[in-house]
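Source file: data-v8.tsv; contents: TSV, C-alpha atoms.
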```tsv
chain	number	residue	atom	x	y	z
E	209	MET	CA	110.36	-10.84	1.48
E	210	ALA	CA	108.65	-8.10	3.51
E	211	THR	CA	108.35	-8.69	7.24
E	212	LEU	CA	105.14	-7.40	8.82
E	213	SER	CA	104.26	-6.98	12.47
E	214	PRO	CA	100.78	-7.18	14.02
E	215	GLN	CA	99.54	-3.77	15.15
E	216	GLY	CA	96.54	-2.80	17.25
E	217	LEU	CA	94.73	0.35	16.15
E	218	TYR	CA	92.42	2.69	18.04
E	219	GLY	CA	93.12	1.18	21.43
E	220	SER	CA	93.38	-2.34	19.95
E	221	ALA	CA	89.80	-2.19	18.64
E	222	ILE	CA	91.19	-3.18	15.23
E	223	LYS	CA	93.91	-5.69	14.46
E	224	ALA	CA	96.09	-4.67	11.52
E	225	VAL	CA	99.70	-4.89	10.35
E	226	ILE	CA	102.62	-2.52	9.82
E	227	PRO	CA	106.10	-3.07	8.39
E	228	GLN	CA	108.46	-4.35	11.06
E	229	GLY	CA	110.36	-1.55	12.78
E	230	TRP	CA	108.12	1.29	11.65
E	231	LEU	CA	107.45	4.15	14.07
E	232	ASP	CA	104.14	5.17	15.62
E	233	ALA	CA	103.87	8.88	14.77
E	234	SER	CA	101.61	9.52	17.78
E	235	GLU	CA	104.70	9.11	19.94
E	236	LEU	CA	106.31	12.01	18.07
E	237	ARG	CA	103.43	14.43	17.47
E	238	GLN	CA	99.69	14.81	17.81
E	239	ILE	CA	97.65	12.79	15.32
E	240	PRO	CA	93.91	13.31	14.64
E	241	ASP	CA	91.66	10.92	16.58
E	242	HIS	CA	90.27	9.32	13.41
E	243	GLN	CA	93.75	8.55	12.10
E	244	GLU	CA	96.70	6.28	12.90
E	245	LEU	CA	100.02	7.15	11.26
E	246	PHE	CA	103.20	5.08	10.99
E	247	LEU	CA	106.53	6.22	9.59
E	248	SER	CA	109.42	4.39	7.98
E	249	PRO	CA	112.63	4.77	10.00
E	250	THR	CA	114.75	4.78	6.84
E	251	THR	CA	112.69	6.41	4.06
E	252	LEU	CA	110.02	9.09	3.62
E	253	SER	CA	107.25	6.54	3.19
E	254	ASN	CA	104.29	6.48	5.56
E	255	LEU	CA	101.27	4.33	6.33
E	256	ILE	CA	97.95	5.95	7.23
E	257	TYR	CA	94.87	4.29	8.68
E	258	GLU	CA	91.69	6.38	8.73
E	259	ILE	CA	88.12	5.98	9.96
E	260	ASN	CA	85.81	8.16	7.87
E	261	GLU	CA	82.11	8.67	7.48
E	262	ARG	CA	80.81	6.38	4.76
E	263	VAL	CA	80.46	8.16	1.43
E	264	SER	CA	76.84	8.05	0.28
E	265	PRO	CA	75.96	6.66	-3.16
E	266	GLU	CA	74.92	10.14	-4.33
E	267	THR	CA	78.19	11.71	-3.19
E	268	ALA	CA	80.27	8.88	-4.61
E	269	LEU	CA	78.67	9.09	-8.04
E	270	SER	CA	78.94	12.88	-8.08
E	271	ALA	CA	82.71	12.45	-7.80
E	272	LEU	CA	82.70	11.05	-11.32
E	273	GLN	CA	81.57	14.41	-12.68
E	274	SER	CA	83.84	16.57	-10.50
E	275	THR	CA	87.06	14.56	-10.39
E	276	PRO	CA	90.03	16.05	-12.27
E	277	THR	CA	91.18	12.60	-13.43
E	278	THR	CA	91.06	11.85	-17.11
E	279	ASN	CA	88.16	10.07	-18.80
E	280	ARG	CA	90.50	7.12	-19.34
E	281	ASP	CA	91.02	6.84	-15.58
E	282	THR	CA	87.27	6.81	-14.99
E	283	LEU	CA	86.81	4.13	-17.64
E	284	GLU	CA	89.55	2.04	-16.02
E	285	ILE	CA	87.71	2.23	-12.72
E	286	LEU	CA	84.12	1.81	-13.81
E	287	GLY	CA	84.25	0.27	-17.27
E	288	PRO	CA	82.77	1.67	-20.50
E	289	ASN	CA	79.10	1.36	-19.49
E	290	PRO	CA	78.85	2.14	-15.77
E	291	ASP	CA	75.53	1.85	-14.01
E	292	SER	CA	74.51	2.30	-10.39
E	293	THR	CA	75.41	-1.17	-9.15
E	294	THR	CA	76.82	-1.66	-5.69
E	295	GLU	CA	80.28	-2.29	-7.12
E	296	THR	CA	80.13	0.84	-9.28
E	297	ILE	CA	79.15	2.95	-6.27
E	298	ASP	CA	81.95	1.42	-4.21
E	299	LYS	CA	84.53	2.13	-6.90
E	300	ALA	CA	83.20	5.68	-7.23
E	301	ALA	CA	83.69	6.01	-3.47
E	302	VAL	CA	87.32	4.95	-3.93
E	303	LEU	CA	87.71	7.73	-6.49
E	304	TYR	CA	86.06	10.20	-4.11
E	305	HIS	CA	88.51	9.35	-1.30
E	306	LEU	CA	91.52	9.56	-3.62
E	307	ASN	CA	90.33	12.92	-4.91
E	308	ASP	CA	89.90	14.07	-1.31
E	309	ILE	CA	93.59	13.62	-0.47
E	310	ARG	CA	94.74	15.80	-3.33
E	311	ASP	CA	96.27	19.06	-2.13
E	312	GLY	CA	94.20	21.56	-4.08
E	313	ASN	CA	93.35	21.70	-7.76
E	314	ASP	CA	96.99	21.73	-8.85
E	315	ASP	CA	97.51	18.08	-7.97
E	316	ILE	CA	96.97	15.49	-10.69
E	317	LEU	CA	95.55	12.10	-9.78
E	318	ARG	CA	96.41	9.16	-12.02
E	319	ILE	CA	95.04	5.65	-11.53
E	320	VAL	CA	97.86	3.12	-11.80
E	321	ALA	CA	95.86	0.05	-10.73
E	322	PRO	CA	92.05	0.40	-10.73
E	323	PRO	CA	90.14	-0.71	-7.62
E	324	GLN	CA	90.06	-4.48	-7.39
E	325	GLN	CA	87.48	-6.08	-5.12
E	326	VAL	CA	89.01	-8.45	-2.60
E	327	THR	CA	87.56	-10.82	0.01
E	328	LEU	CA	88.79	-10.23	3.55
E	329	GLN	CA	89.55	-13.50	5.31
E	330	LYS	CA	88.37	-12.28	8.72
E	331	LEU	CA	85.63	-9.91	7.49
E	332	PRO	CA	84.10	-11.89	4.60
E	333	SER	CA	80.85	-9.91	4.56
E	334	ALA	CA	82.58	-6.53	4.17
E	335	ARG	CA	83.17	-5.13	0.70
E	336	ALA	CA	86.81	-4.16	0.21
E	337	TYR	CA	88.92	-2.81	-2.63
E	338	LYS	CA	92.64	-2.31	-3.26
E	339	GLY	CA	94.64	-0.55	-5.94
E	340	ILE	CA	97.38	1.97	-6.70
E	341	ALA	CA	97.25	5.64	-7.66
E	342	GLN	CA	99.83	8.35	-8.27
E	343	ILE	CA	99.48	11.96	-7.16
E	344	THR	CA	101.67	14.44	-9.00
E	345	SER	CA	102.01	17.92	-7.50
E	346	PRO	CA	103.83	21.18	-8.15
E	347	SER	CA	106.96	21.36	-6.03
E	348	PRO	CA	106.85	23.76	-3.05
E	349	THR	CA	108.86	26.30	-5.04
E	350	ALA	CA	106.36	26.16	-7.90
E	351	ARG	CA	103.24	26.35	-5.73
E	352	SER	CA	102.66	30.02	-5.00
E	353	GLY	CA	102.56	30.59	-1.27
E	354	GLY	CA	102.24	26.84	-0.81
E	355	ALA	CA	103.67	24.41	1.70
E	356	PRO	CA	105.28	21.02	1.06
E	357	THR	CA	102.91	18.50	-0.42
E	358	SER	CA	101.09	16.15	1.92
E	359	VAL	CA	99.05	13.03	1.31
E	360	GLY	CA	96.17	11.95	3.51
E	361	GLY	CA	96.88	14.76	5.95
E	362	ALA	CA	100.38	13.53	6.73
E	363	ALA	CA	103.59	14.97	5.33
E	364	ALA	CA	104.67	12.74	2.50
E	365	GLY	CA	107.96	14.28	1.43
E	366	SER	CA	107.70	15.42	-2.18
E	367	SER	CA	109.57	13.46	-4.80
E	368	ALA	CA	111.02	14.90	-7.97
E	369	ASP	CA	109.09	13.75	-11.01
E	370	GLY	CA	110.40	16.63	-13.10
E	371	ALA	CA	111.84	20.08	-12.59
E	372	LEU	CA	108.68	21.54	-11.09
E	373	THR	CA	106.67	18.49	-10.04
E	374	SER	CA	106.71	15.76	-7.40
E	375	SER	CA	105.08	12.35	-7.32
E	376	VAL	CA	103.81	10.06	-4.60
E	377	SER	CA	102.69	6.50	-5.21
E	378	VAL	CA	99.57	5.72	-3.16
E	379	HIS	CA	98.70	2.11	-2.44
E	380	TYR	CA	95.09	2.35	-1.29
E	381	PHE	CA	92.76	-0.02	0.52
E	382	LEU	CA	89.09	0.70	1.28
E	383	VAL	CA	86.77	-1.34	3.48
E	384	ARG	CA	83.13	-0.29	3.32
E	385	LEU	CA	81.28	-0.96	6.58
E	386	GLU	CA	77.71	-0.22	5.60
E	387	GLU	CA	75.95	-0.98	8.88
E	388	GLN	CA	78.49	1.15	10.77
E	389	GLU	CA	78.16	3.97	8.17
E	390	THR	CA	81.96	3.90	7.97
E	391	ASP	CA	84.65	3.82	5.30
E	392	PHE	CA	87.87	2.38	6.70
E	393	LEU	CA	90.76	3.66	4.60
E	394	VAL	CA	94.41	2.74	4.31
E	395	PHE	CA	97.01	4.73	2.35
E	396	PHE	CA	100.61	3.54	2.01
E	397	ASN	CA	102.43	6.52	0.50
E	398	VAL	CA	105.76	6.14	-1.30
E	399	PRO	CA	107.39	9.48	-2.26
E	400	GLN	CA	109.90	8.94	-5.04
E	401	LYS	CA	112.37	11.82	-4.51
E	402	GLU	CA	114.91	10.06	-2.34
E	403	PHE	CA	115.09	7.08	-4.68
E	404	ASP	CA	115.28	9.24	-7.80
E	405	GLU	CA	117.95	11.52	-6.33
E	406	ARG	CA	120.30	8.67	-5.49
E	407	GLY	CA	119.51	6.71	-8.66
E	408	ASP	CA	118.03	3.78	-6.75
E	409	PRO	CA	115.26	2.19	-8.83
E	410	SER	CA	115.70	-1.12	-7.02
E	411	GLY	CA	115.12	0.62	-3.69
E	412	LEU	CA	111.95	2.21	-5.04
E	413	ALA	CA	110.77	-1.15	-6.35
E	414	ALA	CA	111.40	-2.72	-2.93
E	415	GLU	CA	109.39	0.05	-1.24
E	416	GLU	CA	106.52	-0.49	-3.66
E	417	GLU	CA	106.67	-4.21	-2.93
E	418	LEU	CA	106.51	-3.46	0.79
E	419	ALA	CA	103.41	-1.33	0.24
E	420	ALA	CA	101.75	-4.13	-1.71
E	421	ALA	CA	102.68	-6.62	1.03
E	422	VAL	CA	101.02	-4.47	3.70
E	423	VAL	CA	97.78	-4.27	1.71
E	424	ASP	CA	97.82	-8.02	1.08
E	425	GLY	CA	98.55	-8.56	4.78
E	426	LEU	CA	95.42	-6.59	5.59
E	427	VAL	CA	93.36	-8.64	3.17
E	428	GLY	CA	94.41	-11.72	5.10
E	429	GLY	CA	94.57	-10.35	8.63
E	430	LEU	CA	92.44	-7.24	9.17
E	431	GLU	CA	90.09	-7.88	12.07
E	432	ILE	CA	87.66	-5.71	14.01
E	433	VAL	CA	87.73	-6.73	17.66
E	434	ASP	CA	85.48	-4.06	19.15
E	435	TRP	CA	82.60	-2.95	16.92
E	436	GLY	CA	81.72	-0.36	19.55
E	437	LEU	CA	84.51	1.73	18.05
E	438	PHE	CA	82.02	2.86	15.43
E	439	GLY	CA	79.32	3.97	17.88
E	440	ALA	CA	75.76	2.77	18.23
```

Starting from the coordinates I provided, produce the structure as structure tokens.
Amino acid sequence: MATLSPQGLYGSAIKAVIPQGWLDASELRQIPDHQELFLSPTTLSNLIYEINERVSPETALSALQSTPTTNRDTLEILGPNPDSTTETIDKAAVLYHLNDIRDGNDDILRIVAPPQQVTLQKLPSARAYKGIAQITSPSPTARSGGAPTSVGGAAAGSSADGALTSSVSVHYFLVRLEEQETDFLVFFNVPQKEFDERGDPSGLAAEEELAAAVVDGLVGGLEIVDWGLFGA
């Protein structure tokens, strides 16, 4: 069973969780002010917390027309007859944020688990969604003039999904703070290369379980202590 540790974010303005023993990347290198990044000490996995400007309904819905995901993915997210309900807009915002972390048009986004609305125990009035996606990218040698793939602005460590591709499993969590005009995002990224290379499917499964445990831990324990973090 995964062991999680409480973790203060943004000067302890937010109470969250991280896997026990994970490293705060800000102690190793500079991290953008809107982001908190934690690294596994034993694998290439990482956990990213981000504070972003809330995606407007118009922008969220426009993502449905511009996203490179398949029609099936869109149907899995929104259903066969989407309309402009609050939930539809929120799920479209999820798609927008996932599309935003792709590294150029070469990356392929696949929805593994569509956004599922969840109730936060300590923020019951906030709308929140969790799910799983997979981003498949050309390997650095296949991407002309490119650099190693990254997810959410943090190096993810590409994983071999084929001869010229790499895959990262993204466990995502979105909290929509409407009054604060903020989207609070969490990405737990699991690159598959190290597990594939050593033939360790059980290790990969354990890492995926850890990612799911972190998201579930946030559903039960995420708390905003200082709302002033989001400005006036």

ask   = How many Å separate atom CA of Thr390 of chain E from atom CA of Gln228 of chain E?
value = 27.9 Å

query = By how many Å are atom CA of Gln329 of chain E and atom CA of Leu430 of chain E apart?
reply =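 Separation of atom CA of Gln329 of chain E and atom CA of Leu430 of chain E: 7.9 Å.
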
Selection near segment 394-403 of chain E, 6 Å with all atoms listed in the file, sequence-local residues under 5 positions removed, as a list in words =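 That gives Ser253, Asn254, Leu255, Ile256, Tyr257, Ser366, Ser367, Ala368, Val376, Ser377, Val378, His379, Tyr380, Phe381, Asp408, Leu412 and Ala419 of chain E.
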
Once you have the residues from the selection above, write them out as a CSV table (one decimal), in the frame of the given file, restricted to C-alpha atoms.
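File again_34.csv, as written:
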```
chain,number,residue,atom,x,y,z
E,253,SER,CA,107.2,6.5,3.2
E,254,ASN,CA,104.3,6.5,5.6
E,255,LEU,CA,101.3,4.3,6.3
E,256,ILE,CA,98.0,6.0,7.2
E,257,TYR,CA,94.9,4.3,8.7
E,366,SER,CA,107.7,15.4,-2.2
E,367,SER,CA,109.6,13.5,-4.8
E,368,ALA,CA,111.0,14.9,-8.0
E,376,VAL,CA,103.8,10.1,-4.6
E,377,SER,CA,102.7,6.5,-5.2
E,378,VAL,CA,99.6,5.7,-3.2
E,379,HIS,CA,98.7,2.1,-2.4
E,380,TYR,CA,95.1,2.4,-1.3
E,381,PHE,CA,92.8,0.0,0.5
E,408,ASP,CA,118.0,3.8,-6.8
E,412,LEU,CA,112.0,2.2,-5.0
E,419,ALA,CA,103.4,-1.3,0.2
```

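Coordinates place atom CA of Arg262 of chain E at a distance of 8.3 Å from atom CA of Phe392 of chain E.
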
ask   = Pick from E:Gln243, E:Ser292, E:Ser374, E:Thr251: nearest to Pro265 of chain E, with only C-alpha atoms counted?
value =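 Comparing E:Gln243, E:Ser292, E:Ser374, E:Thr251 against Pro265 of chain E, the winner is E:Ser292.
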
key: Of the listed residues E:Gly428, E:Gly219, E:Pro323, E:Gly439, that which approaches Thr296 of chain E most closely, counting only C-alpha atoms   =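 For Thr296 of chain E, the nearest of the given residues is E:Pro323.
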
ask   = Restricting the calculation to only C-alpha atoms, which member of E:Leu247, E:Leu217, E:Ala414, E:Leu317 is positioned closest to Gly229 of chain E?
value =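 Nearest to Gly229 of chain E: E:Leu247.
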
message = Counting all atoms listed in the file, I want the residues whose atoms come within 7 Å of (102.5, -2.9, 9.9) in the file frame, returned as a ChimeraX atom specification.
response = /E:212-215,224-228,422

message = Applying 9 Å and all atoms listed in the file, which residues near Leu331 of chain E remain after dropping the ones on its own chain fewer than 2 positions away? List them as a VMD selection string.
response = chain E and resid 327 to 329 333 to 335 427 430 to 432

Could you turn the residues from that selection into a file that holds C-alpha atoms, as a PDB file, in the coordinates of the input?
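Written file, out-v2.pdb:
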```pdb
ATOM      1  CA  THR E 327      87.560 -10.820   0.010  1.00  0.00           C
ATOM      2  CA  LEU E 328      88.790 -10.230   3.550  1.00  0.00           C
ATOM      3  CA  GLN E 329      89.550 -13.500   5.310  1.00  0.00           C
ATOM      4  CA  SER E 333      80.850  -9.910   4.560  1.00  0.00           C
ATOM      5  CA  ALA E 334      82.580  -6.530   4.170  1.00  0.00           C
ATOM      6  CA  ARG E 335      83.170  -5.130   0.700  1.00  0.00           C
ATOM      7  CA  VAL E 427      93.360  -8.640   3.170  1.00  0.00           C
ATOM      8  CA  LEU E 430      92.440  -7.240   9.170  1.00  0.00           C
ATOM      9  CA  GLU E 431      90.090  -7.880  12.070  1.00  0.00           C
ATOM     10  CA  ILE E 432      87.660  -5.710  14.010  1.00  0.00           C
TER      11      ILE E 432
END
```

request  = Please tell me which residues are no farther than 10 Å from (108.3, 6.4, 15.6) in the file, counting all atoms listed in the file, and write them as JSON, numbers by chain.
outcome  = {"E": [229, 230, 231, 232, 233, 234, 235, 236, 237, 245, 246, 247, 248, 249]}

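Between Thr211 of chain E and the residues E:Leu269, E:Leu418, E:Asp391, E:His305, the shortest atom-to-atom distance, using only C-alpha atoms, involves E:Leu418.
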